[in-house]
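Student: Sending over target-v1.csv (CSV, C-alpha atoms).
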```
chain,number,residue,atom,x,y,z
A,1,MET,CA,0.0,0.0,0.0
A,2,ALA,CA,2.7,2.5,0.9
A,3,ALA,CA,4.7,1.9,-2.3
A,4,GLU,CA,1.6,2.2,-4.3
A,5,ASP,CA,0.6,5.5,-2.6
A,6,ILE,CA,4.1,6.9,-3.1
A,7,ARG,CA,4.1,5.9,-6.8
A,8,ARG,CA,0.8,7.7,-7.3
A,9,ASP,CA,1.7,10.9,-5.5
A,10,PHE,CA,5.3,11.2,-6.8
A,11,PRO,CA,5.4,9.6,-10.3
A,12,ALA,CA,8.9,11.0,-11.1
A,13,LEU,CA,10.5,9.0,-8.2
A,14,ASP,CA,12.6,6.1,-9.0
A,15,ARG,CA,11.2,2.9,-7.6
A,16,SER,CA,14.5,2.2,-5.7
A,17,SER,CA,13.8,5.3,-3.7
A,18,TYR,CA,11.1,3.5,-1.6
A,19,GLU,CA,11.4,-0.2,-2.3
A,20,PRO,CA,12.3,-1.9,-0.1
A,21,PRO,CA,11.1,0.6,2.5
A,22,TYR,CA,13.9,2.6,4.0
A,23,SER,CA,11.8,3.1,7.2
A,24,GLY,CA,8.4,2.3,8.6
A,25,GLU,CA,5.5,4.8,8.5
A,26,ASP,CA,5.5,7.0,11.5
A,27,PHE,CA,3.0,9.7,12.4
A,28,ASN,CA,5.1,11.1,15.2
A,29,TYR,CA,7.3,13.3,13.1
A,30,ASN,CA,7.1,15.2,9.9
A,31,CYS,CA,9.7,16.2,7.3
A,32,LEU,CA,10.7,19.4,9.2
A,33,ALA,CA,11.5,17.4,12.3
A,34,PHE,CA,13.3,14.8,10.2
A,35,VAL,CA,15.7,17.2,8.5
A,36,LEU,CA,16.5,18.6,11.9
A,37,GLY,CA,17.2,15.2,13.4
A,38,ASP,CA,14.0,14.9,15.6
A,39,ARG,CA,12.0,11.7,15.2
A,40,ASN,CA,9.7,12.2,18.1
A,41,ASN,CA,7.8,15.4,17.3
A,42,TRP,CA,5.6,16.8,14.6
A,43,TRP,CA,6.9,20.3,13.9
A,44,GLU,CA,4.1,22.6,13.1
A,45,PRO,CA,2.8,25.7,14.9
A,46,PRO,CA,0.5,24.6,17.8
A,47,GLY,CA,-2.2,27.0,16.7
A,48,LEU,CA,-2.3,25.0,13.4
A,49,PHE,CA,-2.7,21.6,15.1
A,50,GLY,CA,1.1,20.9,15.5
A,51,HIS,CA,2.6,19.3,18.5
A,52,TYR,CA,6.0,21.1,18.6
A,53,TRP,CA,7.2,24.5,17.5
A,54,PRO,CA,10.4,26.2,18.7
A,55,PRO,CA,9.6,28.9,21.2
A,56,GLY,CA,10.2,32.5,20.1
A,57,PHE,CA,9.3,32.0,16.5
A,58,PRO,CA,6.2,33.3,14.8
A,59,GLU,CA,3.5,30.7,14.6
A,60,ASP,CA,3.2,30.6,10.9
A,61,VAL,CA,4.3,28.3,8.0
A,62,THR,CA,6.1,30.9,5.9
A,63,VAL,CA,9.4,30.1,4.2
A,64,GLU,CA,10.9,33.1,5.9
A,65,THR,CA,10.1,31.9,9.5
A,66,VAL,CA,11.3,28.3,8.8
A,67,THR,CA,14.5,29.6,7.2
A,68,ASP,CA,15.3,31.4,10.5
A,69,ILE,CA,14.6,28.1,12.4
A,70,ILE,CA,16.9,26.1,10.2
A,71,ARG,CA,19.6,28.8,10.4
A,72,LEU,CA,19.5,28.4,14.1
A,73,HIS,CA,20.9,24.9,13.6
A,74,GLY,CA,24.0,26.2,11.8
A,75,PHE,CA,22.8,26.2,8.2
A,76,VAL,CA,23.3,29.1,5.9
A,77,VAL,CA,21.4,29.9,2.7
A,78,GLU,CA,23.3,28.7,-0.4
A,79,PRO,CA,23.6,31.2,-3.3
A,80,TYR,CA,23.7,28.3,-5.8
A,81,ASP,CA,21.9,24.9,-6.0
A,82,ILE,CA,25.1,23.0,-5.3
A,83,THR,CA,25.7,20.2,-2.8
A,84,HIS,CA,28.9,18.5,-1.8
A,85,LEU,CA,29.8,15.4,0.1
A,86,GLU,CA,31.3,17.6,2.7
A,87,THR,CA,28.1,19.4,3.4
A,88,ASP,CA,24.7,18.7,5.0
A,89,SER,CA,22.0,20.5,3.2
A,90,ILE,CA,18.3,21.1,3.6
A,91,ALA,CA,16.0,21.9,0.7
A,92,ILE,CA,12.8,23.8,1.3
A,93,TYR,CA,9.8,23.0,-1.0
A,94,ALA,CA,7.0,25.6,-1.1
A,95,ASN,CA,3.8,26.6,-2.7
A,96,GLY,CA,4.0,30.4,-2.8
A,97,SER,CA,5.3,31.7,0.4
A,98,GLU,CA,4.3,28.7,2.5
A,99,TRP,CA,6.5,25.7,3.0
A,100,THR,CA,5.2,22.3,2.1
A,101,HIS,CA,8.1,19.9,2.5
A,102,PHE,CA,11.8,19.5,3.4
A,103,ALA,CA,14.5,17.2,2.1
A,104,LYS,CA,18.0,16.7,3.6
A,105,PHE,CA,21.2,16.0,1.8
A,106,SER,CA,23.6,13.8,3.7
A,107,ASN,CA,26.3,11.3,2.7
A,108,GLY,CA,25.8,12.3,-0.9
A,109,ILE,CA,22.1,11.5,-1.1
A,110,TRP,CA,18.8,13.3,-0.6
A,111,MET,CA,16.4,11.9,2.0
A,112,SER,CA,12.8,12.8,2.7
A,113,LYS,CA,10.1,12.0,5.2
A,114,LEU,CA,6.8,11.9,3.3
A,115,GLY,CA,4.2,13.3,5.6
A,116,GLU,CA,3.2,10.6,8.2
A,117,GLY,CA,4.5,8.0,5.8
A,118,ASN,CA,8.0,6.5,5.1
A,119,ASP,CA,11.4,8.0,4.9
A,120,ILE,CA,12.8,7.7,1.4
A,121,LYS,CA,16.0,8.4,-0.5
A,122,HIS,CA,16.0,10.2,-3.8
A,123,LEU,CA,18.6,11.2,-6.3
A,124,ARG,CA,17.1,14.5,-7.4
A,125,LEU,CA,15.1,17.2,-5.6
A,126,GLU,CA,12.9,17.5,-8.7
A,127,ASP,CA,11.6,14.0,-8.0
A,128,LEU,CA,9.3,15.3,-5.4
A,129,GLU,CA,8.2,18.5,-7.1
A,130,GLY,CA,4.7,18.7,-8.3
A,131,GLU,CA,1.1,19.1,-7.0
A,132,LYS,CA,1.8,18.0,-3.4
A,133,TYR,CA,5.0,19.9,-2.5
A,134,GLY,CA,5.3,22.6,-5.1
A,135,LYS,CA,8.8,23.6,-6.0
A,136,VAL,CA,12.2,23.8,-4.2
A,137,VAL,CA,12.6,27.5,-3.3
A,138,LYS,CA,15.7,27.5,-1.1
A,139,ILE,CA,18.7,25.3,-0.1
A,140,LEU,CA,20.6,25.8,3.1
A,141,SER,CA,23.9,24.1,4.0
A,142,ARG,CA,26.4,23.6,6.7
A,143,LYS,CA,29.7,21.8,6.9
A,144,SER,CA,29.0,18.1,7.5
A,145,GLN,CA,29.3,17.0,11.1
A,146,ARG,CA,31.1,13.9,9.8
A,147,HIS,CA,33.9,15.9,8.2
A,148,THR,CA,34.8,18.2,11.2
B,1,MET,CA,-4.3,15.3,51.5
B,2,GLU,CA,-6.3,16.8,48.6
B,3,GLN,CA,-5.8,14.5,45.6
B,4,LEU,CA,-7.5,13.2,42.5
B,5,THR,CA,-8.1,16.5,41.0
B,6,ALA,CA,-8.1,15.2,37.5
B,7,ARG,CA,-11.0,16.3,35.3
B,8,SER,CA,-13.7,13.7,34.9
B,9,VAL,CA,-15.9,13.5,31.9
B,10,LYS,CA,-19.5,12.4,31.5
B,11,PHE,CA,-22.2,12.4,29.0
B,12,SER,CA,-24.6,15.3,29.4
B,13,PRO,CA,-27.8,14.3,31.2
B,14,SER,CA,-29.9,15.7,28.4
B,15,GLY,CA,-28.4,13.2,26.1
B,16,HIS,CA,-27.4,15.9,23.7
B,17,GLY,CA,-23.6,16.3,23.5
B,18,LEU,CA,-20.7,15.3,25.6
B,19,ALA,CA,-20.4,17.3,28.8
B,20,HIS,CA,-17.3,17.8,30.8
B,21,VAL,CA,-17.4,18.1,34.5
B,22,GLU,CA,-14.7,19.5,36.8
B,23,ARG,CA,-15.0,17.2,39.7
B,24,LYS,CA,-14.3,18.7,43.1
B,25,PRO,CA,-11.2,17.3,44.9
B,26,THR,CA,-12.2,14.4,47.0
B,27,ARG,CA,-10.5,13.2,50.2
B,28,ARG,CA,-9.1,9.7,50.0
B,29,PRO,CA,-7.3,7.7,52.7
B,30,LYS,CA,-3.6,8.5,53.0
B,31,ALA,CA,-1.4,5.8,51.7
B,32,LYS,CA,0.8,4.2,54.3
B,33,ASN,CA,4.0,2.1,54.2
B,34,ARG,CA,4.5,-1.3,55.8
B,35,ARG,CA,5.1,0.3,59.1
B,36,GLY,CA,1.8,2.1,58.9
B,37,LEU,CA,3.5,5.5,58.4
B,38,PRO,CA,2.0,7.9,55.8
B,39,LEU,CA,3.8,8.0,52.4
B,40,SER,CA,4.7,11.4,51.0
B,41,GLY,CA,6.1,12.7,47.7
B,42,ARG,CA,5.2,11.8,44.1
B,43,PHE,CA,5.3,8.1,44.2
B,44,VAL,CA,2.2,7.4,46.4
B,45,PRO,CA,0.7,4.1,45.2
B,46,MET,CA,-2.8,4.5,43.8
B,47,PRO,CA,-5.4,1.9,45.0
B,48,SER,CA,-6.8,0.0,42.0
B,49,ALA,CA,-10.2,1.6,42.5
B,50,PHE,CA,-8.6,4.9,41.6
B,51,THR,CA,-7.0,3.9,38.3
B,52,GLY,CA,-8.2,2.9,34.9
B,53,ARG,CA,-11.9,2.1,34.2
B,54,GLY,CA,-12.4,1.8,38.0
B,55,ALA,CA,-11.4,5.4,38.5
B,56,LEU,CA,-14.0,6.6,36.0
B,57,ARG,CA,-16.7,4.4,37.5
B,58,ALA,CA,-15.8,5.8,41.0
B,59,ALA,CA,-15.8,9.3,39.7
B,60,LEU,CA,-19.0,9.0,37.8
B,61,SER,CA,-20.8,7.5,40.8
B,62,LEU,CA,-20.3,10.8,42.6
B,63,SER,CA,-22.2,12.8,40.0
B,64,VAL,CA,-24.1,10.6,37.6
B,65,ASP,CA,-25.6,7.1,37.4
B,66,SER,CA,-23.1,5.0,35.5
B,67,VAL,CA,-26.0,3.2,33.9
B,68,THR,CA,-26.8,6.4,32.1
B,69,VAL,CA,-23.2,6.5,30.7
B,70,ASP,CA,-23.4,2.9,29.6
B,71,ARG,CA,-26.7,3.5,27.9
B,72,LYS,CA,-25.4,6.6,26.1
B,73,ALA,CA,-22.3,4.8,25.0
B,74,ALA,CA,-24.5,1.9,23.7
B,75,ILE,CA,-26.7,4.3,21.8
B,76,LEU,CA,-23.7,6.0,20.2
B,77,ARG,CA,-22.1,2.7,19.2
B,78,ARG,CA,-25.3,1.6,17.6
B,79,GLN,CA,-25.6,4.9,15.7
B,80,ALA,CA,-22.0,4.5,14.7
B,81,GLU,CA,-22.7,1.2,13.0
B,82,GLU,CA,-25.1,3.0,10.7
B,83,LEU,CA,-22.3,5.4,9.7
B,84,ARG,CA,-19.6,2.8,9.4
B,85,SER,CA,-19.7,2.3,5.7
B,86,GLU,CA,-19.6,6.0,4.9
B,87,PHE,CA,-16.9,6.6,7.5
B,88,ASN,CA,-14.7,3.9,6.0
B,89,THR,CA,-15.0,5.4,2.6
B,90,LEU,CA,-14.2,8.9,3.8
B,91,SER,CA,-11.4,7.9,6.1
B,92,GLU,CA,-9.7,5.9,3.3
B,93,GLN,CA,-10.1,8.8,0.9
B,94,TRP,CA,-8.6,11.2,3.5
B,95,ARG,CA,-5.7,8.8,4.1
B,96,ARG,CA,-4.9,8.5,0.5
B,97,ASP,CA,-5.1,12.2,-0.3
B,98,THR,CA,-3.3,13.6,2.8
B,99,GLN,CA,-0.9,11.0,4.1
B,100,HIS,CA,2.1,12.6,2.4
B,101,LEU,CA,1.2,16.2,3.5
B,102,SER,CA,3.6,17.7,6.0
B,103,LEU,CA,1.1,19.9,7.8
B,104,ILE,CA,-1.8,18.7,9.9
B,105,SER,CA,-3.6,22.0,9.3
B,106,LYS,CA,-3.8,20.9,5.6
B,107,LYS,CA,-4.8,17.4,6.4
B,108,VAL,CA,-7.8,18.4,8.6
B,109,ALA,CA,-9.1,20.8,5.8
B,110,HIS,CA,-9.8,17.8,3.6
B,111,PRO,CA,-13.5,17.5,2.7
B,112,GLY,CA,-13.7,13.9,3.9
B,113,TYR,CA,-12.2,14.9,7.3
B,114,LEU,CA,-14.7,17.8,7.6
B,115,ARG,CA,-17.6,15.5,6.6
B,116,ILE,CA,-16.6,13.1,9.4
B,117,ILE,CA,-16.6,15.9,11.9
B,118,GLY,CA,-20.0,16.8,10.6
B,119,MET,CA,-21.2,13.3,11.5
B,120,GLY,CA,-21.1,14.4,15.1
B,121,GLU,CA,-21.0,12.3,18.2
B,122,ALA,CA,-21.9,9.1,16.4
B,123,ALA,CA,-18.6,9.3,14.7
B,124,VAL,CA,-16.6,9.2,17.9
B,125,PRO,CA,-16.6,5.4,18.4
B,126,LEU,CA,-15.5,5.0,14.8
B,127,LEU,CA,-12.8,7.6,15.2
B,128,LEU,CA,-11.5,6.0,18.3
B,129,GLU,CA,-11.6,2.6,16.7
B,130,ALA,CA,-9.7,3.9,13.6
B,131,LEU,CA,-7.1,5.5,15.9
B,132,ARG,CA,-6.7,2.2,17.9
B,133,ASN,CA,-6.3,0.2,14.7
B,134,LYS,CA,-3.8,2.5,13.0
B,135,PRO,CA,-2.0,5.7,14.1
B,136,ALA,CA,-3.4,8.8,12.3
B,137,HIS,CA,-4.1,12.4,13.0
B,138,TRP,CA,-7.7,12.1,14.2
B,139,PHE,CA,-7.2,14.3,17.2
B,140,ALA,CA,-8.6,17.5,15.7
B,141,ALA,CA,-11.8,15.7,14.8
B,142,LEU,CA,-12.1,14.1,18.2
B,143,LYS,CA,-11.5,17.4,19.9
B,144,ALA,CA,-13.9,19.3,17.6
B,145,ILE,CA,-16.8,16.8,18.2
B,146,THR,CA,-16.3,16.2,21.9
B,147,ASN,CA,-15.2,19.7,22.8
B,148,PHE,CA,-12.7,17.9,25.0
B,149,ASP,CA,-9.0,17.2,24.9
B,150,PRO,CA,-7.3,14.7,27.2
B,151,VAL,CA,-3.9,15.6,25.8
B,152,PRO,CA,-1.6,17.9,27.7
B,153,THR,CA,0.4,20.5,25.8
B,154,GLY,CA,3.7,19.1,24.6
B,155,SER,CA,2.6,15.5,24.1
B,156,ASN,CA,3.6,13.9,20.9
B,157,PRO,CA,1.2,12.1,18.6
B,158,SER,CA,1.8,8.7,20.1
B,159,ALA,CA,1.1,9.9,23.6
B,160,ALA,CA,-2.0,11.7,22.3
B,161,ARG,CA,-3.2,8.5,20.7
B,162,GLU,CA,-2.8,6.5,23.9
B,163,LEU,CA,-4.7,9.1,25.9
B,164,TRP,CA,-7.6,9.3,23.5
B,165,ILE,CA,-7.9,5.5,23.3
B,166,ASN,CA,-7.8,5.2,27.1
B,167,TRP,CA,-10.5,7.9,27.3
B,168,GLY,CA,-12.7,6.0,24.8
B,169,MET,CA,-12.4,2.8,26.7
B,170,GLU,CA,-13.3,4.5,29.9
B,171,GLN,CA,-16.3,6.0,28.3
B,172,GLY,CA,-17.3,2.6,26.9
B,173,LEU,CA,-17.1,3.9,23.4
B,174,ILE,CA,-14.5,1.2,22.3
B,175,ASP,CA,-13.5,-2.1,23.8
```
Could you spell out this file's structure in structure tokens?
Tutor:
Amino acid sequence: MAAEDIRRDFPALDRSSYEPPYSGEDFNYNCLAFVLGDRNNWWEPPGLFGHYWPPGFPEDVTVETVTDIIRLHGFVVEPYDITHLETDSIAIYANGSEWTHFAKFSNGIWMSKLGEGNDIKHLRLEDLEGEKYGKVVKILSRKSQRHT
Amino acid sequence: MEQLTARSVKFSPSGHGLAHVERKPTRRPKAKNRRGLPLSGRFVPMPSAFTGRGALRAALSLSVDSVTVDRKAAILRRQAEELRSEFNTLSEQWRRDTQHLSLISKKVAHPGYLRIIGMGEAAVPLLLEALRNKPAHWFAALKAITNFDPVPTGSNPSAARELWINWGMEQGLID
């Protein structure tokens, strides 16, 4: 069922991205939590039904606010869409000014948590672009923790 | 020692809607250790009558006949059976359309989810059953229909799920 659902929602994805499953489905965390290394909380403003939101930040889902949250974790906005093995990166997908999804680049591959579904690996950011997640609007990077 | 200040919940006597009652603190016997000395601090053992379903029964007996609660639960469960087919269709539609969305605020705006909320109280046993069978973000619907939330701020979805299921069992809405 999971693979079938992924194939339907993201037709551009290569089958090897999600078969066999890289992880089980988990409704405890979403993609924002995943890219920041938290597998226990669903990061969304509480006023919008979320379960965790970092204190001190506006309770909205704008790209601007979430960029500030990600920067707090040591990431800086990349001027170019370039990723290296020596960097950890986070890509922000958005529809208009509101974020819809996040993917992280680590160990030379992009990874995503699909809603309350599975974690997957994908070769290209474009594989997830479309009706559900819109387009990649920003990439932030930091020096990989493994290369320090 | 003033204890047992937790909020208890009952069905409204009118039979229309779920009502929530702040029960006044009741005085219960002080727990004692083997030497007969009173225990203090956070780890006071709770007598079985004050936990789980027994606690709800004890609480309800102070304010409402438990038979009324059972009858109300039975009525809701019967009404729920009439909605089951439509509920299953809507919930499956909702799951398919929203499972990959990253925002609960978008998930709960789905027409199927809103229709389920519109089913009212009779949908509560079905929602609790669905939640028990598979983790999903049914919390907003449960909260909207019951006007109640057993989940403390800061709890993650798994904790919320467990609390809602326990509440449903205590109310006799699911087994």
Student: Just want the 8 Å neighbourhood of A:Thr87, counted on all atoms listed in the file, with same-chain residues fewer than 3 positions away dropped. Output as an NGL selection string.
Tutor: :A and (83-84 or 105-106 or 141-144)
Student: Store the residues of this selection in a file with C-alpha atoms, as a compact mmCIF listing (two decimals), keeping the file's coordinate frame.
Tutor:
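This is the output file selection.txt:
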```txt
# COMPACT_ATOMS: atom_id res chain seq x y z
CA THR A 83 25.70 20.20 -2.80
CA HIS A 84 28.90 18.50 -1.80
CA PHE A 105 21.20 16.00 1.80
CA SER A 106 23.60 13.80 3.70
CA SER A 141 23.90 24.10 4.00
CA ARG A 142 26.40 23.60 6.70
CA LYS A 143 29.70 21.80 6.90
CA SER A 144 29.00 18.10 7.50
```
Student: With 10 Å as the cut-off and only C-alpha atoms counted, what is the closest atom pair between each nearby residue of chain A and chain B? Distances in Å to one decimal, ordered by chain and number, as CSV.
Tutor:
```
residue,atom,partner,partner_atom,distance
A:Met1,CA,B:Arg96,CA,9.8
A:Ala2,CA,B:Arg96,CA,9.7
A:Asp5,CA,B:Arg96,CA,7.0
A:Ile6,CA,B:His100,CA,8.2
A:Arg8,CA,B:Arg96,CA,9.7
A:Asp9,CA,B:His100,CA,8.1
A:Phe10,CA,B:His100,CA,9.8
A:Glu25,CA,B:Pro135,CA,9.4
A:Asp26,CA,B:Pro135,CA,8.0
A:Phe27,CA,B:Ala136,CA,6.5
A:Asn28,CA,B:Pro157,CA,5.3
A:Tyr29,CA,B:Pro157,CA,8.3
A:Asn30,CA,B:Ser102,CA,5.8
A:Cys31,CA,B:Ser102,CA,6.4
A:Leu32,CA,B:Ser102,CA,8.0
A:Asn40,CA,B:Asn156,CA,6.9
A:Asn41,CA,B:Asn156,CA,5.7
A:Trp42,CA,B:Asn156,CA,7.2
A:Trp43,CA,B:Leu103,CA,8.4
A:Glu44,CA,B:Leu103,CA,6.7
A:Pro45,CA,B:Ser105,CA,9.3
A:Pro46,CA,B:Thr153,CA,9.0
A:Gly47,CA,B:Ser105,CA,9.0
A:Leu48,CA,B:Ser105,CA,5.2
A:Phe49,CA,B:Ser105,CA,5.9
A:Gly50,CA,B:Ile104,CA,6.7
A:His51,CA,B:Asn156,CA,6.0
A:Tyr52,CA,B:Gly154,CA,6.7
A:Trp53,CA,B:Gly154,CA,9.6
A:Val61,CA,B:Leu103,CA,9.0
A:Trp99,CA,B:Ser102,CA,9.0
A:Thr100,CA,B:Ser102,CA,6.2
A:His101,CA,B:Ser102,CA,6.1
A:Phe102,CA,B:Ser102,CA,8.8
A:Lys113,CA,B:His100,CA,8.5
A:Leu114,CA,B:His100,CA,4.8
A:Gly115,CA,B:His100,CA,3.9
A:Glu116,CA,B:Gln99,CA,5.8
A:Gly117,CA,B:His100,CA,6.2
A:Asn118,CA,B:His100,CA,8.9
A:Lys132,CA,B:Leu101,CA,7.2
A:Tyr133,CA,B:Leu101,CA,8.0
```
Student: Could you jot down the atom CA of B:Val124 to atom CA of B:Ile174 separation for me, Å, one decimal place?
Tutor: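 Here the two named atoms are 9.4 Å from each other.
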Student: Using only C-alpha atoms, determine which residues lie at most 10 Å from stretch 85-94 of chain B, disregarding the query and same-chain residues fewer than 5 positions distant; provide the list as a list in words.
Tutor: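 With the cut-off at 10 Å, the set is Ala80, Gln99, Lys107, Val108, Ala109, His110, Pro111, Gly112, Tyr113, Leu114, Arg115, Ile116, Met119, Ala123, Leu126, Leu127, Ala130 and Trp138 of chain B.
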Student: Given the point (10.8, 15.2, -7.7) in the file's coordinates, find the residues that have an atom at most 7 Å from it, counting all atoms listed in the file, and give them as a compact mmCIF listing (two decimals) with C-alpha atoms, in the coordinates of the input.
Tutor:
```
# COMPACT_ATOMS: atom_id res chain seq x y z
CA PHE A 10 5.30 11.20 -6.80
CA ALA A 12 8.90 11.00 -11.10
CA LEU A 13 10.50 9.00 -8.20
CA ARG A 124 17.10 14.50 -7.40
CA LEU A 125 15.10 17.20 -5.60
CA GLU A 126 12.90 17.50 -8.70
CA ASP A 127 11.60 14.00 -8.00
CA LEU A 128 9.30 15.30 -5.40
CA GLU A 129 8.20 18.50 -7.10
```
Student: List the neighbours of B:Ile75 out to 12 Å using all atoms listed in the file; skip same-chain residues closer than 3 positions along the sequence, and give me the result as JSON, numbers by chain.
Tutor: {"B": [11, 15, 16, 68, 69, 70, 71, 72, 78, 79, 80, 81, 82, 121, 122, 123, 124, 125, 172, 173]}
